[in-house]
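Structure file query-v6.tsv (TSV, C-alpha atoms) is printed below.
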```
chain	number	residue	atom	x	y	z
A	213	MET	CA	-42.61	73.62	-69.00
A	214	PHE	CA	-45.89	75.54	-69.11
A	215	ARG	CA	-47.69	76.24	-72.37
A	216	PHE	CA	-51.08	76.89	-73.93
A	217	ALA	CA	-52.14	74.32	-76.53
A	218	ALA	CA	-54.50	76.86	-78.16
A	219	PRO	CA	-53.01	80.30	-77.35
A	220	GLU	CA	-55.12	82.04	-80.02
A	221	TYR	CA	-58.07	82.03	-77.59
A	222	LEU	CA	-56.13	84.34	-75.26
A	223	PHE	CA	-56.94	87.20	-77.64
A	224	LEU	CA	-60.45	87.03	-76.14
A	225	LEU	CA	-58.96	88.63	-73.02
A	226	LEU	CA	-59.09	91.89	-74.98
A	227	LEU	CA	-62.83	91.84	-74.19
A	228	VAL	CA	-62.10	92.38	-70.48
A	229	PRO	CA	-61.14	96.11	-70.62
A	230	LEU	CA	-64.01	96.67	-73.06
A	231	LEU	CA	-66.54	95.13	-70.67
A	232	ILE	CA	-65.12	97.13	-67.75
A	233	GLY	CA	-65.53	100.31	-69.78
A	234	VAL	CA	-69.14	99.43	-70.67
A	235	PHE	CA	-69.93	98.70	-66.99
A	236	ILE	CA	-68.47	102.01	-65.81
A	237	TYR	CA	-70.32	103.93	-68.55
A	238	SER	CA	-73.64	102.25	-67.72
A	239	GLY	CA	-73.15	103.15	-64.03
A	240	ILE	CA	-72.55	106.80	-64.92
A	241	ARG	CA	-75.70	106.86	-67.10
A	242	LYS	CA	-77.73	105.23	-64.33
A	243	ARG	CA	-76.66	107.91	-61.81
A	244	ARG	CA	-77.53	110.66	-64.29
A	245	ASN	CA	-81.00	109.21	-64.83
A	246	MET	CA	-81.55	109.01	-61.08
A	247	ARG	CA	-80.76	112.71	-60.70
A	248	LYS	CA	-83.47	113.46	-63.26
A	249	PHE	CA	-86.09	111.74	-61.07
A	250	GLY	CA	-85.06	113.46	-57.85
A	251	ASN	CA	-82.51	113.72	-55.07
A	252	PRO	CA	-80.32	110.55	-55.07
A	253	GLU	CA	-80.14	110.54	-51.25
A	254	LEU	CA	-83.93	110.69	-50.97
A	255	LEU	CA	-84.33	107.92	-53.58
A	256	GLU	CA	-81.91	105.79	-51.59
A	257	VAL	CA	-84.06	106.17	-48.45
A	258	LEU	CA	-87.19	105.29	-50.43
A	259	SER	CA	-85.48	102.16	-51.85
A	260	PRO	CA	-83.94	100.45	-48.80
A	261	ASN	CA	-83.64	97.07	-50.58
A	262	VAL	CA	-81.51	98.45	-53.41
A	263	SER	CA	-77.83	97.58	-52.97
A	264	LYS	CA	-74.91	99.55	-54.39
A	265	VAL	CA	-72.36	96.84	-53.70
A	266	ARG	CA	-74.16	93.81	-55.16
A	267	PRO	CA	-74.15	94.93	-58.84
A	268	GLN	CA	-70.42	95.63	-58.63
A	269	LEU	CA	-69.75	92.33	-56.89
A	270	LYS	CA	-71.84	90.40	-59.44
A	271	PHE	CA	-69.99	92.08	-62.30
A	272	CYS	CA	-66.62	91.14	-60.76
A	273	LEU	CA	-67.74	87.53	-60.36
A	274	GLN	CA	-68.96	87.36	-63.97
A	275	LEU	CA	-65.73	88.95	-65.21
A	276	LEU	CA	-63.57	86.51	-63.24
A	277	ALA	CA	-65.60	83.58	-64.59
A	278	LEU	CA	-65.14	84.89	-68.15
A	279	VAL	CA	-61.36	85.19	-67.73
A	280	LEU	CA	-61.12	81.69	-66.31
A	281	LEU	CA	-63.24	80.23	-69.13
A	282	ILE	CA	-60.98	81.90	-71.71
A	283	VAL	CA	-57.98	80.29	-70.01
A	284	VAL	CA	-59.80	76.94	-70.16
A	285	LEU	CA	-60.35	77.40	-73.92
A	286	ALA	CA	-56.61	78.11	-74.36
A	287	GLN	CA	-55.88	74.66	-72.83
A	288	PRO	CA	-53.14	75.28	-70.23
A	289	GLN	CA	-50.67	72.39	-70.10
A	290	PHE	CA	-47.49	71.38	-68.26
A	291	GLY	CA	-44.68	69.37	-69.86
A	292	SER	CA	-43.44	67.11	-67.12
A	293	LYS	CA	-40.25	65.75	-68.64
A	294	GLU	CA	-37.87	65.72	-71.59
A	295	GLU	CA	-37.40	62.47	-73.49
A	296	THR	CA	-34.95	61.32	-76.14
A	297	VAL	CA	-36.95	59.89	-79.03
A	298	LYS	CA	-35.32	57.69	-81.66
A	299	ARG	CA	-36.56	57.95	-85.24
A	300	GLN	CA	-35.60	56.22	-88.48
A	301	GLY	CA	-34.79	58.96	-90.97
A	302	ILE	CA	-32.30	61.21	-92.73
A	303	GLU	CA	-30.94	64.70	-92.12
A	304	VAL	CA	-31.45	67.48	-94.65
A	305	MET	CA	-30.18	71.08	-94.62
A	306	ILE	CA	-31.81	73.38	-97.16
A	307	ALA	CA	-29.74	76.37	-98.32
A	308	LEU	CA	-32.04	78.90	-99.96
A	309	ASP	CA	-30.80	81.79	-102.09
A	310	VAL	CA	-32.56	85.05	-101.08
A	311	SER	CA	-30.61	87.48	-103.24
A	312	ASN	CA	-32.53	90.09	-105.25
A	313	SER	CA	-32.11	88.05	-108.43
A	314	MET	CA	-34.51	85.48	-106.93
A	315	LEU	CA	-37.32	87.98	-107.54
A	316	ALA	CA	-37.07	87.44	-111.30
A	317	GLU	CA	-40.35	86.18	-112.72
A	318	ASP	CA	-39.16	83.69	-115.36
A	319	ILE	CA	-40.82	81.11	-113.04
A	320	LYS	CA	-44.26	81.96	-111.71
A	321	PRO	CA	-44.94	83.68	-109.38
A	322	ASN	CA	-41.18	84.31	-109.08
A	323	ARG	CA	-38.06	82.28	-108.34
A	324	LEU	CA	-38.16	82.76	-104.57
A	325	GLU	CA	-41.86	82.02	-104.11
A	326	LYS	CA	-41.56	78.93	-106.32
A	327	ALA	CA	-38.59	77.76	-104.22
A	328	LYS	CA	-40.58	78.25	-101.01
A	329	GLN	CA	-43.46	76.23	-102.43
A	330	MET	CA	-41.09	73.41	-103.36
A	331	VAL	CA	-39.48	73.35	-99.90
A	332	SER	CA	-42.94	73.26	-98.31
A	333	GLN	CA	-43.76	70.19	-100.44
A	334	LEU	CA	-40.50	68.52	-99.38
A	335	VAL	CA	-41.28	69.13	-95.70
A	336	ASP	CA	-44.82	67.76	-96.16
A	337	ASN	CA	-43.27	64.57	-97.54
A	338	MET	CA	-41.03	64.08	-94.48
A	339	HIS	CA	-41.99	61.89	-91.54
A	340	ASP	CA	-39.13	60.93	-89.24
A	341	ASP	CA	-36.44	63.04	-90.92
A	342	LYS	CA	-34.62	66.09	-89.62
A	343	VAL	CA	-34.67	69.33	-91.59
A	344	GLY	CA	-32.95	72.70	-91.21
A	345	LEU	CA	-32.94	75.96	-93.17
A	346	ILE	CA	-30.14	78.32	-94.17
A	347	VAL	CA	-30.72	81.55	-96.08
A	348	PHE	CA	-27.94	83.22	-98.01
A	349	ALA	CA	-27.13	86.13	-100.28
A	350	GLY	CA	-23.80	87.90	-99.72
A	351	ASP	CA	-23.63	86.11	-96.34
A	352	ALA	CA	-25.21	82.92	-95.01
A	353	TYR	CA	-27.31	82.57	-91.85
A	354	VAL	CA	-29.04	79.69	-90.09
A	355	GLN	CA	-32.74	80.48	-90.23
A	356	LEU	CA	-33.81	77.23	-88.54
A	357	PRO	CA	-31.47	74.75	-86.78
A	358	ILE	CA	-31.92	71.15	-87.84
A	359	THR	CA	-35.09	69.78	-86.23
A	360	VAL	CA	-38.06	67.43	-86.55
A	361	ASP	CA	-40.49	70.30	-85.92
A	362	TYR	CA	-42.02	70.54	-89.38
A	363	VAL	CA	-44.58	73.15	-88.30
A	364	SER	CA	-41.77	75.53	-87.33
A	365	ALA	CA	-39.92	74.71	-90.55
A	366	LYS	CA	-42.90	75.76	-92.66
A	367	MET	CA	-43.50	78.83	-90.50
A	368	PHE	CA	-39.90	80.02	-90.88
A	369	MET	CA	-40.05	79.27	-94.60
A	370	SER	CA	-43.15	81.41	-95.08
A	371	SER	CA	-41.39	84.44	-93.52
A	372	VAL	CA	-38.34	84.30	-95.84
A	373	ASN	CA	-37.82	87.28	-98.16
A	374	THR	CA	-34.97	89.08	-99.93
A	375	GLN	CA	-34.58	91.58	-97.07
A	376	ILE	CA	-33.71	88.92	-94.50
A	377	VAL	CA	-29.97	89.02	-95.37
A	378	PRO	CA	-28.51	92.55	-95.25
A	379	ARG	CA	-25.65	92.10	-97.73
A	380	GLN	CA	-26.48	91.25	-101.33
A	381	GLY	CA	-24.57	88.71	-103.41
A	382	THR	CA	-24.68	84.93	-103.85
A	383	ALA	CA	-22.31	83.15	-101.46
A	384	ILE	CA	-23.10	79.52	-102.28
A	385	GLY	CA	-19.83	78.29	-100.79
A	386	SER	CA	-20.48	80.00	-97.44
A	387	ALA	CA	-23.96	78.48	-97.35
A	388	ILE	CA	-22.60	74.97	-97.93
A	389	ASP	CA	-19.85	75.44	-95.29
A	390	LEU	CA	-22.45	76.62	-92.76
A	391	ALA	CA	-24.72	73.69	-93.63
A	392	ILE	CA	-21.88	71.21	-92.99
A	393	LYS	CA	-21.35	72.67	-89.52
A	394	SER	CA	-25.09	72.70	-88.80
A	395	PHE	CA	-25.47	68.92	-88.91
A	396	GLY	CA	-23.87	68.51	-85.50
A	397	GLN	CA	-22.47	65.19	-84.30
A	398	LYS	CA	-21.64	62.57	-86.90
A	399	SER	CA	-24.21	59.80	-87.33
A	400	ASP	CA	-25.01	56.91	-89.64
A	401	ALA	CA	-28.05	58.71	-91.03
A	402	GLY	CA	-27.92	59.81	-94.65
A	403	ARG	CA	-27.20	63.52	-94.97
A	404	SER	CA	-27.96	65.91	-97.78
A	405	ILE	CA	-27.59	69.62	-98.49
A	406	ILE	CA	-30.12	71.00	-100.96
A	407	VAL	CA	-28.93	74.26	-102.52
A	408	ILE	CA	-31.72	76.24	-104.17
A	409	THR	CA	-30.27	79.08	-106.22
A	410	ASP	CA	-30.07	80.76	-109.61
A	411	GLY	CA	-26.35	79.95	-109.65
A	412	GLU	CA	-24.97	83.48	-110.02
A	413	ASN	CA	-22.10	82.89	-107.57
A	414	HIS	CA	-19.64	85.76	-107.28
A	415	GLU	CA	-18.47	85.46	-103.70
A	416	ASP	CA	-16.51	82.28	-102.94
A	417	ASP	CA	-15.45	78.75	-103.94
A	418	ALA	CA	-18.76	76.94	-104.12
A	419	VAL	CA	-17.28	73.89	-105.90
A	420	GLY	CA	-14.59	73.49	-103.21
A	421	ALA	CA	-17.23	73.69	-100.46
A	422	ALA	CA	-19.30	71.00	-102.22
A	423	LYS	CA	-16.21	68.73	-102.43
A	424	LEU	CA	-15.64	69.19	-98.69
A	425	ALA	CA	-19.24	68.19	-98.02
A	426	ALA	CA	-18.86	65.03	-100.13
A	427	GLU	CA	-15.68	64.13	-98.22
A	428	ASN	CA	-17.74	64.31	-95.02
A	429	GLY	CA	-20.38	61.96	-96.42
A	430	ILE	CA	-22.87	64.71	-97.23
A	431	VAL	CA	-24.57	64.71	-100.64
A	432	VAL	CA	-25.05	68.15	-102.22
A	433	ASN	CA	-28.06	68.43	-104.51
A	434	VAL	CA	-28.68	71.63	-106.44
A	435	VAL	CA	-31.94	73.08	-107.74
A	436	GLY	CA	-31.57	75.76	-110.39
A	437	MET	CA	-34.20	78.50	-110.23
A	438	GLY	CA	-34.93	80.40	-113.42
A	439	ARG	CA	-34.14	80.06	-117.11
A	440	PRO	CA	-30.86	80.38	-119.00
A	441	GLU	CA	-32.27	83.25	-121.08
A	442	GLY	CA	-33.05	85.08	-117.86
A	443	ALA	CA	-35.51	87.79	-116.88
A	444	PRO	CA	-35.40	91.33	-115.43
A	445	ILE	CA	-35.56	91.79	-111.66
A	446	PRO	CA	-38.59	93.77	-110.40
A	447	VAL	CA	-37.98	96.47	-107.78
A	448	PRO	CA	-40.35	95.65	-104.87
A	449	GLY	CA	-43.19	98.15	-104.51
A	450	THR	CA	-42.65	99.72	-107.94
A	451	MET	CA	-43.43	99.03	-111.59
A	452	SER	CA	-39.76	99.27	-112.62
A	453	PHE	CA	-36.78	96.88	-112.77
A	454	TRP	CA	-33.26	96.89	-111.33
A	455	LYS	CA	-30.78	98.76	-113.51
A	456	ASP	CA	-26.98	98.87	-113.72
A	457	LYS	CA	-24.72	101.94	-113.50
A	458	ASN	CA	-25.37	102.69	-117.18
A	459	ASP	CA	-29.13	102.73	-116.58
A	460	ASN	CA	-29.61	99.44	-118.43
A	461	VAL	CA	-32.14	96.92	-117.14
A	462	VAL	CA	-30.36	94.03	-115.39
A	463	VAL	CA	-31.29	90.60	-116.73
A	464	SER	CA	-30.66	87.76	-114.27
A	465	LYS	CA	-29.83	84.46	-115.97
A	466	LEU	CA	-29.72	80.98	-114.50
A	467	SER	CA	-26.10	79.79	-114.41
A	468	GLU	CA	-26.65	76.11	-115.09
A	469	GLU	CA	-22.93	75.47	-115.56
A	470	MET	CA	-22.16	76.61	-112.02
A	471	CYS	CA	-25.08	74.60	-110.60
A	472	ARG	CA	-23.95	71.44	-112.39
A	473	GLU	CA	-20.35	71.84	-111.18
A	474	VAL	CA	-21.48	72.24	-107.55
A	475	ALA	CA	-23.79	69.20	-107.77
A	476	LYS	CA	-21.07	67.10	-109.42
A	477	ALA	CA	-18.50	68.06	-106.77
A	478	GLY	CA	-21.04	67.23	-104.04
A	479	GLN	CA	-21.87	63.84	-105.64
A	480	GLY	CA	-25.49	64.86	-105.97
A	481	ILE	CA	-27.86	65.76	-108.77
A	482	TYR	CA	-28.71	69.01	-110.51
A	483	VAL	CA	-32.30	69.68	-111.54
A	484	ARG	CA	-33.81	72.82	-112.99
A	485	ALA	CA	-37.08	74.01	-111.50
A	486	ASP	CA	-39.97	75.04	-113.73
A	487	ASN	CA	-43.69	75.59	-113.38
A	488	THR	CA	-44.26	71.86	-112.82
A	489	ASN	CA	-43.38	69.57	-109.87
A	490	MET	CA	-40.57	67.82	-111.72
A	491	ALA	CA	-37.80	69.24	-109.50
A	492	TRP	CA	-39.65	68.25	-106.31
A	493	ARG	CA	-40.13	64.67	-107.56
A	494	ALA	CA	-36.47	64.37	-108.55
A	495	LEU	CA	-35.30	65.60	-105.13
A	496	SER	CA	-37.72	63.30	-103.30
A	497	ASN	CA	-36.35	60.32	-105.24
A	498	GLU	CA	-32.78	61.29	-104.35
A	499	LEU	CA	-33.58	61.69	-100.66
A	500	ASP	CA	-35.31	58.29	-100.65
A	501	LYS	CA	-32.01	56.73	-101.78
A	502	LEU	CA	-30.19	57.96	-98.66
A	503	ALA	CA	-29.63	55.49	-95.85
A	504	LYS	CA	-32.11	55.90	-93.03
A	505	SER	CA	-30.75	55.48	-89.53
A	506	GLU	CA	-31.80	56.06	-85.95
A	507	ILE	CA	-31.89	59.78	-85.18
A	508	GLU	CA	-32.06	60.86	-81.55
A	509	THR	CA	-34.25	63.88	-80.82
A	510	LYS	CA	-35.00	65.47	-77.46
A	511	VAL	CA	-38.67	66.38	-77.08
A	512	PHE	CA	-40.92	67.40	-74.20
A	513	THR	CA	-43.54	64.76	-73.47
A	514	ASP	CA	-46.40	64.12	-71.08
A	515	HIS	CA	-48.10	67.47	-71.48
A	516	THR	CA	-50.84	67.18	-68.87
A	517	GLU	CA	-54.02	69.24	-69.13
A	518	GLN	CA	-54.39	71.80	-66.33
A	519	PHE	CA	-57.75	73.33	-67.24
A	520	GLN	CA	-59.72	71.50	-64.53
A	521	SER	CA	-58.90	73.89	-61.67
A	522	PHE	CA	-59.67	76.94	-63.84
A	523	ALA	CA	-63.00	75.40	-64.88
A	524	PHE	CA	-63.87	74.61	-61.24
A	525	PHE	CA	-63.32	78.18	-60.05
A	526	ALA	CA	-65.21	79.55	-63.09
A	527	LEU	CA	-68.20	77.34	-62.17
A	528	PHE	CA	-67.92	78.40	-58.51
A	529	PHE	CA	-68.02	82.10	-59.41
A	530	LEU	CA	-70.97	81.58	-61.76
A	531	LEU	CA	-72.95	79.70	-59.09
A	532	PHE	CA	-72.14	82.39	-56.51
A	533	ASP	CA	-73.32	85.02	-59.00
A	534	PHE	CA	-76.53	83.04	-59.74
A	535	PHE	CA	-77.59	82.88	-56.09
A	536	MET	CA	-76.79	86.53	-55.44
A	537	PHE	CA	-79.65	88.91	-56.25
A	538	TYR	CA	-79.32	92.56	-57.12
A	539	ARG	CA	-81.69	93.48	-54.27
A	540	LYS	CA	-80.96	92.83	-50.63
A	541	ASN	CA	-82.28	89.65	-49.04
A	542	LYS	CA	-84.49	90.44	-46.01
A	543	ARG	CA	-82.90	87.71	-43.88
A	544	LEU	CA	-79.34	88.65	-44.86
A	545	ALA	CA	-80.16	92.32	-44.38
A	546	ARG	CA	-80.54	91.66	-40.64
A	547	ILE	CA	-76.91	90.50	-40.54
A	548	HIS	CA	-75.83	93.77	-42.23
A	549	ILE	CA	-72.99	92.16	-44.21
A	550	PHE	CA	-73.53	94.18	-47.35
A	551	ASP	CA	-74.53	97.32	-45.46
A	552	LEU	CA	-71.13	97.15	-43.77
A	553	LYS	CA	-69.42	96.94	-47.17
A	554	GLU	CA	-71.44	99.91	-48.40
A	555	ARG	CA	-70.34	101.98	-45.40
A	556	ILE	CA	-66.71	101.06	-46.01
A	557	SER	CA	-67.04	101.93	-49.69
A	558	LYS	CA	-68.44	105.34	-48.81
```

Would you kindly transcribe this structure into structure tokens?
Amino acid sequence: MFRFAAPEYLFLLLLVPLLIGVFIYSGIRKRRNMRKFGNPELLEVLSPNVSKVRPQLKFCLQLLALVLLIVVLAQPQFGSKEETVKRQGIEVMIALDVSNSMLAEDIKPNRLEKAKQMVSQLVDNMHDDKVGLIVFAGDAYVQLPITVDYVSAKMFMSSVNTQIVPRQGTAIGSAIDLAIKSFGQKSDAGRSIIVITDGENHEDDAVGAAKLAAENGIVVNVVGMGRPEGAPIPVPGTMSFWKDKNDNVVVSKLSEEMCREVAKAGQGIYVRADNTNMAWRALSNELDKLAKSEIETKVFTDHTEQFQSFAFFALFFLLFDFFMFYRKNKRLARIHIFDLKERISK
């Protein structure tokens, strides 16, 4: 498996076409200036030691060395084998509500952004645990399969928005059902589903899905986002709010009763999020109570650095360029190597 450990340096390759363009432009200007001084053919006869090929060859050598050095900076690596690593931890699937009601601003900056911040804190607190992400509104989708790759988990979390699920609604039951299936093979590790929602479920039997999870040894914890008194839902990109058919502003309220019922059926806890870290602390305490067991994870190991050969050739090209002068060498001129190249190029 080939990869670059620092692929951001590859953007420096965008300099290559720019440098080629500058070289071509400077050559055109040089020829124009020569025409101002006199006949180019006559100037060539008067300057027998001036080479046309050497500047081009030196530029190619410098350009090749630059490309190779950029590749060295990007740290090319090969993964030689795949290993099964055993870790002591738990398995957690996070089901995040991304319906439009999560844009309500009764929690700052809004319900969805606060939920994302809380999930990021949970992931930062994990070490040898597995985590996965499901997003749901009218339907539920796996955004990130259960994994120990916390960097990917936070990356996927940062990209979540209310447009990621095409059908609106709040299908909590579907999200829990999908989370149950996403755990994979049964293990002795403690398992938990964390549902983060405002509780406005209108789609399915969320309580029944939570009971099924509990029967399978999976604890369902629920985090309520928002306040019972509710708040209007901003329309993205405008200064207005969502309205119903009668042109009345829609007020989205936290359904704490639904959240409590789901948590009770799933043998977990319900906690309401606010502008503090209370919900995160409560969830962390609950996850710490789960039994930790050996979790097998397949990872690529032994990534060996492969920059040495690129660095060697870059150094070779630079040394070759250093010992090559723009003017012809009198001794080499007798061999006519470069004169031959000039004739071919003509």

Long-range neighbours of Val474 (chain A) as a ChimeraX atom specification, 9 Å cut-off, all atoms listed in the file, 3 positions minimum in chain: /A:418-423,432-434,469-471,477-480,482

Which residues are near Leu345 (chain A)? Cut-off 7 Å, only C-alpha atoms, ignore same chain within fewer than 3 positions. Put them as a VMD selection string. chain A and resid 305 to 307 354 to 357

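The two atoms in question, CA of Gly436 (chain A) and CA of Asp410 (chain A), are spaced 5.3 Å apart.
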
Would you be able to write out as a compact mmCIF listing (two decimals) with C-alpha atoms, keeping the file's coordinate frame which residues have an atom within 9 Å of (-35.4, 83.9, -114.9) in the file's coordinates, counting all atoms listed in the file?
```txt
# COMPACT_ATOMS: atom_id res chain seq x y z
CA SER A 313 -32.11 88.05 -108.43
CA MET A 314 -34.51 85.48 -106.93
CA LEU A 315 -37.32 87.98 -107.54
CA ALA A 316 -37.07 87.44 -111.30
CA GLU A 317 -40.35 86.18 -112.72
CA ASP A 318 -39.16 83.69 -115.36
CA ILE A 319 -40.82 81.11 -113.04
CA ASN A 322 -41.18 84.31 -109.08
CA ARG A 323 -38.06 82.28 -108.34
CA ASP A 410 -30.07 80.76 -109.61
CA MET A 437 -34.20 78.50 -110.23
CA GLY A 438 -34.93 80.40 -113.42
CA ARG A 439 -34.14 80.06 -117.11
CA PRO A 440 -30.86 80.38 -119.00
CA GLU A 441 -32.27 83.25 -121.08
CA GLY A 442 -33.05 85.08 -117.86
CA ALA A 443 -35.51 87.79 -116.88
CA PRO A 444 -35.40 91.33 -115.43
CA ILE A 445 -35.56 91.79 -111.66
CA VAL A 463 -31.29 90.60 -116.73
CA SER A 464 -30.66 87.76 -114.27
CA LYS A 465 -29.83 84.46 -115.97
CA LEU A 466 -29.72 80.98 -114.50
```

List the neighbours of Lys393 (chain A) out to 12 Å using all atoms listed in the file; skip same-chain residues closer than 6 positions along the sequence, and give me the result as an MDAnalysis selection string. chainID A and resid 305 344 346 353:354 357:358 386:387 405 421 424:425 428 430

Selecting all heavy atoms, how would region 462-470 of chain A from this structure be written as a compact mmCIF listing (two decimals), in the first residue's frame?
```txt
# COMPACT_ATOMS: atom_id res chain seq x y z
N VAL A 462 -42.42 28.64 12.62
CA VAL A 462 -42.36 27.34 13.29
C VAL A 462 -41.41 27.42 14.48
O VAL A 462 -40.27 27.86 14.33
CB VAL A 462 -41.90 26.24 12.31
CG1 VAL A 462 -41.74 24.91 13.03
CG2 VAL A 462 -42.87 26.10 11.15
N VAL A 463 -41.89 26.99 15.63
CA VAL A 463 -41.06 26.94 16.83
C VAL A 463 -40.76 25.48 17.15
O VAL A 463 -41.66 24.69 17.41
CB VAL A 463 -41.75 27.62 18.03
CG1 VAL A 463 -40.90 27.47 19.28
CG2 VAL A 463 -42.01 29.10 17.73
N SER A 464 -39.48 25.12 17.11
CA SER A 464 -39.06 23.75 17.39
C SER A 464 -38.77 23.59 18.87
O SER A 464 -37.92 24.30 19.43
CB SER A 464 -37.81 23.41 16.58
OG SER A 464 -37.29 22.15 16.95
N LYS A 465 -39.46 22.65 19.51
CA LYS A 465 -39.31 22.43 20.95
C LYS A 465 -38.65 21.09 21.22
O LYS A 465 -38.89 20.11 20.51
CB LYS A 465 -40.67 22.48 21.64
CG LYS A 465 -41.38 23.82 21.50
CD LYS A 465 -42.72 23.80 22.21
CE LYS A 465 -43.44 25.14 22.07
NZ LYS A 465 -44.75 25.15 22.78
N LEU A 466 -37.83 21.05 22.24
CA LEU A 466 -37.22 19.79 22.67
C LEU A 466 -38.28 18.90 23.30
O LEU A 466 -38.97 19.30 24.24
CB LEU A 466 -36.11 20.08 23.69
CG LEU A 466 -35.55 18.86 24.43
CD1 LEU A 466 -34.88 17.89 23.48
CD2 LEU A 466 -34.57 19.31 25.52
N SER A 467 -38.42 17.68 22.75
CA SER A 467 -39.38 16.72 23.29
C SER A 467 -38.67 15.84 24.32
O SER A 467 -38.21 14.73 24.00
CB SER A 467 -39.99 15.88 22.16
OG SER A 467 -40.88 14.93 22.67
N GLU A 468 -38.60 16.33 25.54
CA GLU A 468 -37.89 15.59 26.58
C GLU A 468 -38.59 14.28 26.93
O GLU A 468 -37.93 13.29 27.29
CB GLU A 468 -37.75 16.45 27.83
CG GLU A 468 -36.73 17.57 27.67
CD GLU A 468 -36.27 18.12 29.00
OE1 GLU A 468 -37.08 18.79 29.67
OE2 GLU A 468 -35.10 17.89 29.37
N GLU A 469 -39.91 14.25 26.81
CA GLU A 469 -40.65 13.02 27.14
C GLU A 469 -40.24 11.89 26.21
O GLU A 469 -39.99 10.76 26.66
CB GLU A 469 -42.15 13.28 27.03
CG GLU A 469 -43.00 12.08 27.43
CD GLU A 469 -44.49 12.35 27.31
OE1 GLU A 469 -44.88 13.51 27.05
OE2 GLU A 469 -45.26 11.38 27.49
N MET A 470 -40.17 12.18 24.91
CA MET A 470 -39.74 11.17 23.95
C MET A 470 -38.31 10.72 24.23
O MET A 470 -38.00 9.52 24.22
CB MET A 470 -39.85 11.73 22.52
CG MET A 470 -39.19 10.87 21.45
SD MET A 470 -39.87 9.19 21.33
CE MET A 470 -41.48 9.57 20.61
```
